[in-house]
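Here is data.tsv, consisting of TSV, C-alpha atoms:
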```tsv
chain	number	residue	atom	x	y	z
A	23	MET	CA	-84.49	-14.06	-22.42
A	24	ASN	CA	-84.73	-16.77	-19.77
A	25	SER	CA	-84.34	-16.02	-16.07
A	26	GLN	CA	-80.74	-17.29	-15.91
A	27	GLU	CA	-79.70	-15.03	-18.79
A	28	ARG	CA	-81.56	-12.12	-17.20
A	29	GLN	CA	-79.73	-12.69	-13.91
A	30	ARG	CA	-76.39	-12.85	-15.71
A	31	HIS	CA	-77.18	-9.65	-17.58
A	32	LYS	CA	-78.14	-7.96	-14.32
A	33	MET	CA	-74.92	-9.02	-12.60
A	34	GLU	CA	-72.89	-7.83	-15.59
A	35	SER	CA	-74.50	-4.36	-15.46
A	36	LEU	CA	-74.03	-4.27	-11.69
A	37	GLY	CA	-70.35	-5.19	-12.09
A	38	GLN	CA	-69.86	-2.41	-14.61
A	39	LEU	CA	-71.67	0.12	-12.45
A	40	ALA	CA	-69.72	-0.92	-9.35
A	41	GLY	CA	-66.42	-0.65	-11.25
A	42	GLY	CA	-67.24	2.90	-12.38
A	43	VAL	CA	-68.40	4.00	-8.94
A	44	ALA	CA	-65.32	2.44	-7.27
A	45	HIS	CA	-63.02	4.31	-9.66
A	46	GLU	CA	-64.71	7.66	-8.95
A	47	LEU	CA	-64.89	7.14	-5.18
A	48	ASN	CA	-61.25	6.06	-4.90
A	49	ASN	CA	-60.29	9.27	-6.69
A	50	VAL	CA	-62.31	11.19	-4.09
A	51	LEU	CA	-60.83	9.34	-1.10
A	52	GLN	CA	-57.22	9.71	-2.22
A	53	PRO	CA	-56.87	13.48	-1.66
A	54	ILE	CA	-58.51	13.15	1.79
A	55	PHE	CA	-55.82	10.66	2.80
A	56	PHE	CA	-53.00	13.02	1.78
A	57	ALA	CA	-54.69	16.10	3.24
A	58	ILE	CA	-55.07	14.45	6.67
A	59	ASP	CA	-51.32	13.88	6.78
A	60	THR	CA	-50.72	17.58	6.11
A	61	ILE	CA	-53.25	18.63	8.77
A	62	GLN	CA	-51.64	16.29	11.33
A	63	ARG	CA	-48.18	17.62	10.59
A	64	ARG	CA	-49.37	21.22	11.05
A	65	SER	CA	-51.36	20.44	14.20
A	66	GLU	CA	-48.46	21.39	16.50
A	67	GLY	CA	-49.44	18.55	18.80
A	68	ASP	CA	-53.02	19.80	19.37
A	69	PRO	CA	-54.67	16.61	20.73
A	70	LEU	CA	-58.11	17.49	19.34
A	71	ILE	CA	-56.76	17.93	15.81
A	72	ILE	CA	-54.72	14.72	16.05
A	73	GLU	CA	-57.68	12.74	17.39
A	74	SER	CA	-60.07	14.15	14.77
A	75	SER	CA	-57.70	13.42	11.92
A	76	GLN	CA	-57.18	9.87	13.16
A	77	LYS	CA	-60.95	9.44	13.04
A	78	ILE	CA	-61.02	10.73	9.47
A	79	THR	CA	-58.25	8.27	8.55
A	80	SER	CA	-60.17	5.33	9.97
A	81	CYS	CA	-63.36	6.47	8.17
A	82	VAL	CA	-61.48	6.75	4.85
A	83	THR	CA	-59.97	3.29	5.38
A	84	ARG	CA	-63.41	1.90	6.17
A	85	ALA	CA	-64.89	3.56	3.07
A	86	ALA	CA	-62.12	2.03	0.93
A	87	ASP	CA	-62.91	-1.41	2.42
A	88	ILE	CA	-66.63	-0.95	1.65
A	89	ILE	CA	-65.78	-0.09	-1.97
A	90	ASP	CA	-63.66	-3.26	-2.14
A	91	ASP	CA	-66.51	-5.35	-0.75
A	92	ILE	CA	-69.04	-3.86	-3.19
A	93	LEU	CA	-66.67	-4.66	-6.06
A	94	ALA	CA	-66.19	-8.21	-4.81
A	95	PHE	CA	-69.96	-8.66	-4.45
A	96	ALA	CA	-70.72	-7.22	-7.88
A	97	ARG	CA	-68.16	-9.55	-9.43
A	98	GLN	CA	-69.32	-12.80	-7.93
A	99	ASP	CA	-69.67	-14.03	-11.45
A	100	SER	CA	-66.48	-16.08	-11.80
A	101	ASP	CA	-65.81	-14.80	-15.31
A	102	ARG	CA	-65.03	-11.35	-13.93
A	103	LEU	CA	-61.46	-11.23	-12.80
A	104	ASP	CA	-59.75	-8.36	-11.05
A	105	PHE	CA	-56.14	-7.30	-11.06
A	106	LEU	CA	-55.30	-7.88	-7.41
A	107	ASN	CA	-52.26	-7.76	-5.20
A	108	ILE	CA	-51.64	-11.38	-4.21
A	109	ASN	CA	-50.43	-10.86	-0.63
A	110	GLU	CA	-53.25	-8.43	0.20
A	111	THR	CA	-55.97	-10.62	-1.34
A	112	PHE	CA	-54.55	-13.73	0.35
A	113	ASP	CA	-54.61	-12.00	3.79
A	114	HIS	CA	-58.10	-10.57	3.27
A	115	SER	CA	-59.73	-13.76	1.96
A	116	LEU	CA	-58.02	-16.08	4.44
A	117	THR	CA	-58.94	-13.89	7.43
A	118	PHE	CA	-62.57	-13.96	6.29
A	119	ALA	CA	-62.63	-17.75	5.79
A	120	VAL	CA	-60.78	-18.48	9.07
A	121	GLY	CA	-63.35	-16.37	10.92
A	122	LEU	CA	-65.99	-18.97	10.03
A	123	LEU	CA	-64.10	-21.89	11.62
A	124	PRO	CA	-64.79	-23.35	15.07
A	125	LYS	CA	-62.53	-22.06	17.86
A	126	THR	CA	-61.14	-25.57	18.40
A	127	ILE	CA	-59.18	-25.24	15.15
A	128	ILE	CA	-55.84	-23.45	15.10
A	129	VAL	CA	-54.72	-22.07	11.74
A	130	HIS	CA	-50.98	-21.46	11.24
A	131	VAL	CA	-50.19	-19.06	8.41
A	132	ASN	CA	-46.84	-18.72	6.69
A	133	ALA	CA	-46.85	-16.21	3.83
A	134	GLU	CA	-43.90	-15.06	1.75
A	135	LYS	CA	-44.19	-11.27	1.29
A	136	ARG	CA	-43.91	-9.97	-2.27
A	137	PRO	CA	-45.63	-6.58	-2.44
A	138	SER	CA	-45.06	-6.19	-6.19
A	139	TYR	CA	-46.72	-9.49	-7.22
A	140	TRP	CA	-50.20	-9.32	-8.77
A	141	SER	CA	-52.62	-11.71	-10.42
A	142	TRP	CA	-55.90	-11.86	-12.35
A	143	ILE	CA	-58.18	-13.44	-9.80
A	144	ASN	CA	-61.50	-12.86	-8.07
A	145	LYS	CA	-61.69	-12.04	-4.36
A	146	THR	CA	-65.08	-13.69	-3.74
A	147	ASP	CA	-63.85	-16.85	-5.42
A	148	LEU	CA	-60.66	-16.92	-3.35
A	149	VAL	CA	-62.82	-16.77	-0.20
A	150	ARG	CA	-64.86	-19.65	-1.68
A	151	VAL	CA	-61.69	-21.68	-2.34
A	152	PHE	CA	-60.45	-21.15	1.23
A	153	THR	CA	-63.86	-21.84	2.74
A	154	ASN	CA	-64.12	-25.16	0.88
A	155	LEU	CA	-60.58	-26.33	1.57
A	156	LEU	CA	-60.68	-25.27	5.23
A	157	SER	CA	-64.07	-26.85	5.85
A	158	ASN	CA	-62.83	-30.15	4.35
A	159	ALA	CA	-59.76	-29.94	6.59
A	160	VAL	CA	-61.93	-29.30	9.66
A	161	ASP	CA	-64.13	-32.31	8.81
A	162	ALA	CA	-61.06	-34.49	8.23
A	163	MET	CA	-59.83	-33.63	11.73
A	164	ASN	CA	-63.21	-34.04	13.46
A	165	ASN	CA	-63.45	-30.35	14.31
A	166	LYS	CA	-60.22	-29.99	16.26
A	167	GLY	CA	-56.53	-29.66	15.50
A	168	ASP	CA	-54.05	-27.62	13.48
A	169	ILE	CA	-54.31	-26.46	9.86
A	170	HIS	CA	-51.28	-25.04	8.06
A	171	VAL	CA	-51.78	-22.48	5.29
A	172	SER	CA	-48.85	-21.17	3.28
A	173	LEU	CA	-48.19	-18.82	0.39
A	174	LYS	CA	-44.96	-19.05	-1.53
A	175	TYR	CA	-43.78	-18.01	-4.97
A	176	LEU	CA	-42.01	-20.26	-7.45
A	177	SER	CA	-41.08	-20.54	-11.11
A	178	ILE	CA	-42.21	-23.26	-13.43
A	179	LEU	CA	-39.51	-23.53	-16.03
A	180	SER	CA	-40.89	-25.62	-18.85
A	181	GLN	CA	-44.37	-26.59	-19.96
A	182	GLY	CA	-45.83	-29.18	-17.65
A	183	ARG	CA	-42.41	-30.63	-16.82
A	184	SER	CA	-41.39	-29.44	-13.38
A	185	LYS	CA	-44.79	-30.15	-11.82
A	186	PRO	CA	-46.23	-33.07	-13.82
A	187	ASP	CA	-48.71	-34.00	-11.13
A	188	ILE	CA	-50.67	-30.76	-11.20
A	189	ILE	CA	-54.27	-31.43	-12.11
A	190	GLY	CA	-55.75	-29.28	-14.82
A	191	GLU	CA	-54.22	-27.97	-17.99
A	192	ASP	CA	-50.45	-27.96	-18.20
A	193	LEU	CA	-49.20	-24.81	-16.59
A	194	ALA	CA	-47.38	-22.44	-18.92
A	195	PRO	CA	-43.78	-21.68	-17.89
A	196	GLY	CA	-43.59	-18.64	-15.63
A	197	GLN	CA	-43.93	-17.46	-12.09
A	198	TYR	CA	-46.70	-18.76	-9.85
A	199	ALA	CA	-48.04	-18.17	-6.38
A	200	CYS	CA	-48.48	-21.49	-4.62
A	201	ILE	CA	-51.08	-21.51	-1.85
A	202	SER	CA	-51.31	-24.65	0.28
A	203	VAL	CA	-53.78	-25.82	2.89
A	204	ARG	CA	-52.59	-28.82	4.95
A	205	ASP	CA	-54.51	-30.68	7.60
A	206	GLU	CA	-53.44	-33.35	10.06
A	207	GLY	CA	-56.48	-35.55	9.49
A	208	GLY	CA	-56.81	-39.11	8.29
A	209	GLY	CA	-55.63	-38.46	4.71
A	210	LEU	CA	-57.08	-40.14	1.64
A	211	ASP	CA	-56.50	-43.46	-0.04
A	212	THR	CA	-55.60	-43.88	-3.72
A	213	THR	CA	-59.17	-44.51	-4.88
A	214	GLU	CA	-60.43	-41.41	-3.11
A	215	LEU	CA	-57.57	-39.34	-4.55
A	216	GLU	CA	-58.53	-40.29	-8.10
A	217	SER	CA	-62.11	-39.09	-7.80
A	218	ILE	CA	-61.63	-36.19	-5.45
A	219	PHE	CA	-62.39	-33.42	-7.97
A	220	ASP	CA	-65.35	-35.22	-9.55
A	221	PRO	CA	-68.69	-33.51	-8.96
A	222	PHE	CA	-70.82	-35.28	-6.34
A	223	PHE	CA	-67.92	-37.37	-5.06
A	224	THR	CA	-67.86	-37.27	-1.27
A	225	THR	CA	-66.34	-39.21	1.61
A	226	LYS	CA	-68.77	-37.61	4.02
A	227	ASP	CA	-71.96	-39.23	5.35
A	228	ILE	CA	-75.22	-38.76	3.47
A	229	GLY	CA	-76.58	-35.28	4.11
A	230	GLU	CA	-73.22	-33.90	5.31
A	231	GLY	CA	-71.57	-32.96	2.06
A	232	THR	CA	-72.78	-32.27	-1.47
A	233	GLY	CA	-69.60	-33.48	-3.11
A	234	LEU	CA	-69.44	-30.22	-5.05
A	235	GLY	CA	-66.92	-28.27	-2.93
A	236	LEU	CA	-63.73	-29.46	-4.61
A	237	ALA	CA	-65.34	-29.46	-8.07
A	238	ILE	CA	-66.09	-25.76	-7.50
A	239	VAL	CA	-62.51	-25.14	-6.30
A	240	TYR	CA	-61.17	-26.91	-9.37
A	241	ASN	CA	-63.28	-24.77	-11.74
A	242	ILE	CA	-62.27	-21.54	-10.04
A	243	ILE	CA	-58.55	-22.31	-10.23
A	244	LYS	CA	-58.90	-23.38	-13.86
A	245	ASN	CA	-60.62	-20.10	-14.63
A	246	TRP	CA	-57.53	-18.32	-13.28
A	247	HIS	CA	-55.29	-20.39	-15.62
A	248	GLY	CA	-53.87	-22.09	-12.58
A	249	GLY	CA	-53.43	-25.65	-11.42
A	250	ILE	CA	-54.15	-27.66	-8.33
A	251	GLU	CA	-52.47	-30.67	-6.76
A	252	VAL	CA	-53.25	-32.83	-3.80
A	253	GLU	CA	-50.89	-34.83	-1.69
A	254	ALA	CA	-52.31	-37.25	0.82
A	255	ILE	CA	-50.62	-39.64	3.15
A	256	ASP	CA	-53.08	-42.21	4.40
A	257	GLY	CA	-53.57	-41.64	8.09
A	258	GLN	CA	-51.37	-38.53	8.30
A	259	GLY	CA	-53.15	-35.70	6.58
A	260	THR	CA	-53.88	-34.07	3.26
A	261	GLU	CA	-52.35	-31.05	1.53
A	262	PHE	CA	-54.05	-29.12	-1.27
A	263	SER	CA	-51.82	-26.73	-3.21
A	264	PHE	CA	-53.04	-24.44	-5.93
A	265	TYR	CA	-50.95	-22.42	-8.34
A	266	ILE	CA	-51.96	-19.06	-9.78
A	267	PRO	CA	-49.99	-17.11	-12.39
A	268	VAL	CA	-48.06	-14.07	-11.16
A	269	TYR	CA	-47.75	-10.72	-12.91
A	270	ARG	CA	-45.10	-8.42	-11.50
A	271	THR	CA	-43.42	-5.06	-11.84
A	272	GLY	CA	-39.85	-4.61	-13.01
A	273	GLU	CA	-38.63	-3.52	-9.55
A	274	ASP	CA	-36.25	-6.48	-9.32
A	275	SER	CA	-34.73	-5.79	-12.74
A	276	TYR	CA	-32.64	-2.82	-11.60
B	20	MET	CA	-33.80	15.44	-2.16
B	21	ALA	CA	-35.54	14.13	-5.26
B	22	HIS	CA	-37.35	15.84	-8.13
B	23	ILE	CA	-40.59	13.95	-8.75
B	24	LEU	CA	-42.92	14.18	-11.75
B	25	ILE	CA	-46.53	13.47	-10.80
B	26	LEU	CA	-49.25	12.88	-13.39
B	27	ASP	CA	-52.95	12.44	-12.58
B	28	ASP	CA	-56.07	13.85	-14.20
B	29	VAL	CA	-57.64	14.67	-10.82
B	30	PRO	CA	-56.29	18.08	-9.72
B	31	GLU	CA	-57.12	17.50	-6.02
B	32	ILE	CA	-54.94	14.39	-5.99
B	33	LEU	CA	-52.07	16.33	-7.54
B	34	ASP	CA	-52.42	19.20	-5.05
B	35	THR	CA	-52.55	17.06	-1.94
B	36	MET	CA	-49.93	14.54	-3.05
B	37	GLY	CA	-47.66	17.41	-4.08
B	38	THR	CA	-48.03	19.07	-0.66
B	39	PHE	CA	-47.48	15.72	1.07
B	40	LEU	CA	-44.27	14.88	-0.81
B	41	SER	CA	-42.96	18.47	-0.53
B	42	ALA	CA	-43.20	18.13	3.26
B	43	TYR	CA	-40.61	15.36	2.96
B	44	GLU	CA	-38.24	17.74	1.16
B	45	HIS	CA	-38.99	16.51	-2.35
B	46	THR	CA	-39.48	18.88	-5.27
B	47	VAL	CA	-42.54	18.04	-7.31
B	48	SER	CA	-43.74	18.98	-10.79
B	49	VAL	CA	-47.38	18.11	-11.37
B	50	PHE	CA	-49.32	17.56	-14.61
B	51	THR	CA	-52.95	16.73	-15.35
B	52	ASP	CA	-52.33	16.11	-19.05
B	53	PRO	CA	-49.90	13.37	-20.15
B	54	ARG	CA	-49.07	15.32	-23.34
B	55	ARG	CA	-47.83	18.27	-21.30
B	56	ALA	CA	-45.88	15.94	-19.02
B	57	LEU	CA	-44.10	14.45	-22.05
B	58	ASP	CA	-43.37	17.92	-23.47
B	59	ASN	CA	-41.89	19.10	-20.19
B	60	PHE	CA	-40.03	15.92	-19.29
B	61	PRO	CA	-36.84	16.70	-21.30
B	62	LEU	CA	-36.61	20.21	-19.84
B	63	SER	CA	-35.73	19.09	-16.29
B	64	HIS	CA	-33.96	16.30	-14.49
B	65	PHE	CA	-36.38	13.94	-12.73
B	66	ASP	CA	-35.47	11.24	-10.20
B	67	LEU	CA	-38.87	9.56	-10.05
B	68	ILE	CA	-42.20	9.41	-11.92
B	69	ILE	CA	-45.58	8.79	-10.26
B	70	THR	CA	-48.43	8.33	-12.73
B	71	ASP	CA	-52.08	7.31	-12.99
B	72	ALA	CA	-53.02	4.37	-15.26
B	73	LEU	CA	-56.19	5.51	-17.02
B	74	MET	CA	-55.99	9.06	-18.36
B	75	PRO	CA	-57.53	11.15	-21.09
B	76	HIS	CA	-55.58	11.82	-24.34
B	77	ILE	CA	-52.82	9.24	-23.76
B	78	ASN	CA	-53.34	6.06	-21.77
B	79	GLY	CA	-50.96	4.96	-19.03
B	80	ASP	CA	-49.29	2.17	-21.01
B	81	GLU	CA	-48.55	4.43	-23.98
B	82	PHE	CA	-47.38	7.27	-21.72
B	83	ILE	CA	-44.97	4.95	-19.89
B	84	CYS	CA	-43.72	3.48	-23.14
B	85	ARG	CA	-42.99	6.94	-24.59
B	86	LEU	CA	-41.42	8.06	-21.33
B	87	ASN	CA	-39.14	5.00	-21.20
B	88	GLU	CA	-38.04	5.72	-24.79
B	89	MET	CA	-37.05	9.24	-23.72
B	90	ILE	CA	-35.26	8.01	-20.60
B	91	ALA	CA	-33.30	5.17	-22.28
B	92	PRO	CA	-30.58	4.09	-21.91
B	93	LYS	CA	-30.82	5.49	-18.37
B	94	ARG	CA	-33.43	4.29	-15.92
B	95	ILE	CA	-35.78	6.40	-13.82
B	96	PRO	CA	-38.03	4.53	-11.40
B	97	ILE	CA	-41.77	4.66	-12.20
B	98	ILE	CA	-44.60	4.19	-9.70
B	99	VAL	CA	-48.13	3.68	-11.04
B	100	LEU	CA	-50.99	4.74	-8.79
B	101	SER	CA	-54.04	3.21	-10.41
B	102	GLY	CA	-57.57	4.37	-9.76
B	103	GLY	CA	-59.13	0.94	-9.70
B	104	ALA	CA	-59.26	0.20	-13.41
B	105	THR	CA	-58.69	-3.39	-12.39
B	106	ASP	CA	-61.39	-4.94	-14.55
B	107	ASN	CA	-60.34	-7.60	-17.05
B	108	LYS	CA	-61.45	-5.37	-19.92
B	109	ASN	CA	-58.23	-3.47	-19.10
B	110	LYS	CA	-56.18	-6.65	-18.95
B	111	SER	CA	-53.69	-5.91	-21.71
B	112	LEU	CA	-53.32	-2.28	-20.58
B	113	LEU	CA	-52.49	-3.31	-17.02
B	114	ASN	CA	-50.23	-6.19	-18.00
B	115	ASN	CA	-48.28	-3.84	-20.29
B	116	ILE	CA	-48.01	-1.23	-17.57
B	117	LEU	CA	-46.86	-3.74	-14.98
B	118	LYS	CA	-44.04	-5.00	-17.20
B	119	ASN	CA	-42.66	-1.51	-17.70
B	120	VAL	CA	-42.85	0.03	-14.23
B	121	ASP	CA	-41.17	-0.59	-10.90
B	122	PHE	CA	-44.09	-0.30	-8.49
B	123	PHE	CA	-47.85	-0.64	-8.85
B	124	LEU	CA	-50.19	0.77	-6.21
B	125	THR	CA	-53.95	1.23	-6.11
B	126	LYS	CA	-55.96	4.22	-4.90
B	127	PRO	CA	-56.58	5.15	-2.22
B	128	VAL	CA	-53.00	4.54	-1.08
B	129	ALA	CA	-52.17	5.40	2.54
B	130	PRO	CA	-49.62	8.25	2.70
B	131	ASP	CA	-47.17	6.06	4.69
B	132	GLN	CA	-47.29	3.38	2.03
B	133	LEU	CA	-46.67	5.89	-0.76
B	134	LEU	CA	-43.74	7.41	1.14
B	135	ASP	CA	-42.27	3.97	1.77
B	136	THR	CA	-42.61	3.12	-1.95
B	137	VAL	CA	-41.04	6.47	-2.96
B	138	ASN	CA	-38.07	5.75	-0.66
B	139	ARG	CA	-37.68	2.24	-2.05
B	140	ALA	CA	-37.87	3.57	-5.62
B	141	LEU	CA	-35.23	6.23	-4.95
B	142	ALA	CA	-33.02	3.63	-3.25
B	143	LEU	CA	-33.24	1.50	-6.42
B	144	GLN	CA	-31.79	4.32	-8.44
B	145	THR	CA	-29.06	5.11	-5.93
B	146	GLN	CA	-28.12	1.44	-5.80
B	147	SER	CA	-28.17	1.24	-9.58
B	148	THR	CA	-25.85	4.27	-9.86
B	149	LYS	CA	-23.51	2.74	-7.27
B	150	ASP	CA	-23.48	-0.56	-9.17
B	151	LYS	CA	-22.65	1.26	-12.39
B	152	GLN	CA	-19.85	3.22	-10.67
B	153	PHE	CA	-18.48	-0.01	-9.25
B	154	GLU	CA	-18.62	-1.55	-12.71
B	155	ALA	CA	-16.92	1.54	-14.16
B	156	VAL	CA	-14.15	1.39	-11.53
B	157	ARG	CA	-13.66	-2.27	-12.35
B	158	LEU	CA	-13.33	-1.43	-16.03
B	159	GLY	CA	-11.04	1.52	-15.29
B	160	LEU	CA	-13.57	4.04	-16.64
B	161	TYR	CA	-14.44	5.83	-13.43
B	162	LYS	CA	-12.52	8.92	-12.40
B	163	SER	CA	-13.36	10.16	-8.94
B	164	ASN	CA	-12.94	13.81	-9.93
B	165	ALA	CA	-15.23	13.49	-12.93
B	166	ARG	CA	-18.15	15.87	-12.60
B	167	ARG	CA	-20.70	13.50	-14.06
B	168	VAL	CA	-20.27	9.81	-13.97
B	169	LEU	CA	-22.01	7.76	-16.66
```

Rewritten as structure tokens:
Amino acid sequence: MNSQERQRHKMESLGQLAGGVAHELNNVLQPIFFAIDTIQRRSEGDPLIIESSQKITSCVTRAADIIDDILAFARQDSDRLDFLNINETFDHSLTFAVGLLPKTIIVHVNAEKRPSYWSWINKTDLVRVFTNLLSNAVDAMNNKGDIHVSLKYLSILSQGRSKPDIIGEDLAPGQYACISVRDEGGGLDTTELESIFDPFFTTKDIGEGTGLGLAIVYNIIKNWHGGIEVEAIDGQGTEFSFYIPVYRTGEDSY
Amino acid sequence: MAHILILDDVPEILDTMGTFLSAYEHTVSVFTDPRRALDNFPLSHFDLIITDALMPHINGDEFICRLNEMIAPKRIPIIVLSGGATDNKNKSLLNNILKNVDFFLTKPVAPDQLLDTVNRALALQTQSTKDKQFEAVRLGLYKSNARRVL
């Protein structure tokens, strides 16, 4: 077994272990959450009981976040997808990626709320997608300006027809989440647009970019059975939009 | 208020969730075994089902499928509270579940969020009954003094 295979095997075992532990721990945390509510209701306004139970609530919330992070870490391998709530994962990953940006950048977020929409994605990879797209946007605007990020949901009605310009495999008909990152930088010209997802293609100076960022983004989105498109107006900015398939409950079918 | 069937193989979750929902005037019937839940389901009227996804004896997707067969042609809202079986080895199980339920939540769910989802689920049913009554009135089938409508 070579070292790469060994590493893969190790990550696979770690992913399995983390999944099992997360399942057990979540089952342990759940009753605490409900019990705190009962204790608070019976506290008859006793400030010490209320304060203590609020502390327990924040500890339980923190523990749940740690479990999430361990799961995300253990599943860095892009082949491992998780069934995740789209709005929650979008908020979580974007907040993390935005935290890494210089303070001279203002990020405007516009997200359509659909609590019953889920997808098979990978949290670590979504952070990676945002980090890459945002860092390109920051570079395109010379480290200052506004970036617009949006999440909306749409239907693609027939195979590859309604969105013919999406790069990647034709998207199957169905519902998709469309996440866009738009900058107000210099845009791209036609030649740059054609090569933008090629590995090692870069418009940055030597030593400033590897040219792998967008190739990585492309592979991640493809792994989610999604698609990606780029719209660039020379001199006015660039918008990357990626589409990920949506799975949803029957709530709206009543 | 509503009569809620809760199914989970962890007794502590059932106890605490039952106490929590009872405090909001709901009546709860709790089960740790899906087979017993299915046996008891026809014996009472339930307004809402809250169930785990991965369980011993009968898995969540099969349980929901069998439950929906018993409920049909009526509809009773179903909330799934999954314990983090969100790995892609459970992909078909989860996709099947999602198609056949109204709400999907993951543990640990904050009590406020569960209560909000319960209220939304119960509102779905009330709205659905109202829509059916409206439809029945339109078709001349609804009699206001009827004891049970549709």

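Interface residues of chain A facing chain B, defined by any atom at most 7 Å away and using all atoms listed in the file, are A:Ala44, A:His45, A:Asn48, A:Asn49, A:Leu51, A:Gln52, A:Pro53, A:Phe55, A:Phe56, A:Ala57, A:Thr60, A:Arg102, A:Leu103, A:Asp104, A:Phe105, A:Ser138, A:Arg270, A:Thr271, A:Gly272, A:Glu273, A:Tyr276.
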
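Across the structure, atom CA of Cys81 of chain A and atom CA of Ile25 of chain B are spaced 26.3 Å apart.
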
Next item on the list: Take atom CA of Thr79 of chain A and atom CA of Gly42 of chain A and report the distance between them in Å, one decimal.
Entry: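 Between atom CA of Thr79 of chain A and atom CA of Gly42 of chain A the gap works out to 23.4 Å.
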
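For the atom pair formed by atom CA of Ile218 of chain A and atom CA of Lys174 of chain A, the distance is 24.2 Å, given to one decimal.
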
Check: Which residues, written as a PyMOL selection string, have at least one atom at most 6 Å from segment 171-173 of chain A, with all atoms listed in the file counted and residues fewer than 3 positions away on the same chain left out?
Finding: chain A and resi 131-134+200-203

Next item on the list: Counting all atoms listed in the file, figure out which residue out of A:Ile71, A:Ile242, A:Ile58, A:Val129 gets nearest to Val149 of chain A.
Entry: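 Answer, going by the shortest atom-to-atom distance: A:Ile242.
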
Show me, as a PDB file with C-alpha atoms, in the frame of the given file, the residues that have an atom within 12 Å of His114 of chain A when counting all atoms listed in the file, minus same-chain residues fewer than 2 positions from it.
```pdb
ATOM      1  CA  ASP A  87     -62.910  -1.410   2.420  1.00  0.00           C
ATOM      2  CA  ASP A  90     -63.660  -3.260  -2.140  1.00  0.00           C
ATOM      3  CA  ASP A  91     -66.510  -5.350  -0.750  1.00  0.00           C
ATOM      4  CA  ALA A  94     -66.190  -8.210  -4.810  1.00  0.00           C
ATOM      5  CA  LEU A 106     -55.300  -7.880  -7.410  1.00  0.00           C
ATOM      6  CA  ASN A 107     -52.260  -7.760  -5.200  1.00  0.00           C
ATOM      7  CA  ILE A 108     -51.640 -11.380  -4.210  1.00  0.00           C
ATOM      8  CA  ASN A 109     -50.430 -10.860  -0.630  1.00  0.00           C
ATOM      9  CA  GLU A 110     -53.250  -8.430   0.200  1.00  0.00           C
ATOM     10  CA  THR A 111     -55.970 -10.620  -1.340  1.00  0.00           C
ATOM     11  CA  PHE A 112     -54.550 -13.730   0.350  1.00  0.00           C
ATOM     12  CA  LEU A 116     -58.020 -16.080   4.440  1.00  0.00           C
ATOM     13  CA  THR A 117     -58.940 -13.890   7.430  1.00  0.00           C
ATOM     14  CA  PHE A 118     -62.570 -13.960   6.290  1.00  0.00           C
ATOM     15  CA  ALA A 119     -62.630 -17.750   5.790  1.00  0.00           C
ATOM     16  CA  VAL A 120     -60.780 -18.480   9.070  1.00  0.00           C
ATOM     17  CA  GLY A 121     -63.350 -16.370  10.920  1.00  0.00           C
ATOM     18  CA  LYS A 145     -61.690 -12.040  -4.360  1.00  0.00           C
ATOM     19  CA  THR A 146     -65.080 -13.690  -3.740  1.00  0.00           C
ATOM     20  CA  LEU A 148     -60.660 -16.920  -3.350  1.00  0.00           C
ATOM     21  CA  VAL A 149     -62.820 -16.770  -0.200  1.00  0.00           C
ATOM     22  CA  PHE A 152     -60.450 -21.150   1.230  1.00  0.00           C
TER      23      PHE A 152
END
```

Protein, DNA and RNA residues within 7 Å of (-44.2, -11.9, -15.4), only C-alpha atoms, as a tab-separated table (two decimals) with C-alpha atoms, in the coordinates of the input:
```tsv
chain	number	residue	atom	x	y	z
A	196	GLY	CA	-43.59	-18.64	-15.63
A	197	GLN	CA	-43.93	-17.46	-12.09
A	268	VAL	CA	-48.06	-14.07	-11.16
A	269	TYR	CA	-47.75	-10.72	-12.91
A	270	ARG	CA	-45.10	-8.42	-11.50
```

Checklist line | Given all atoms listed in the file as the counted atoms, nearest of B:Ala142, B:Val47, B:Leu26, B:Ile83 to His64 of chain B | finding: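 Among B:Ala142, B:Val47, B:Leu26, B:Ile83, it is B:Val47 that comes nearest to His64 of chain B.
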
Next item on the list: List the neighbours of His22 of chain B out to 7 Å using all atoms listed in the file; skip same-chain residues closer than 4 positions along the sequence, and give me the result as a PyMOL selection string.
Entry: chain B and resi 45-47+65-67

Residue subset to file, keeping C-alpha atoms, as a compact mmCIF listing (two decimals), in the frame of the given file:
```txt
# COMPACT_ATOMS: atom_id res chain seq x y z
CA HIS B 45 -38.99 16.51 -2.35
CA THR B 46 -39.48 18.88 -5.27
CA VAL B 47 -42.54 18.04 -7.31
CA PHE B 65 -36.38 13.94 -12.73
CA ASP B 66 -35.47 11.24 -10.20
CA LEU B 67 -38.87 9.56 -10.05
```

Could you give me the centre and size, in Å to one decimal, of an axis-aligned box around all listed atoms of segment 37-45 of chain B with 3 Å added on every side, as AutoDock Vina command-line options?
```
--center_x -43.1 --center_y 17.0 --center_z -0.4 --size_x 15.8 --size_y 10.2 --size_z 13.3
```
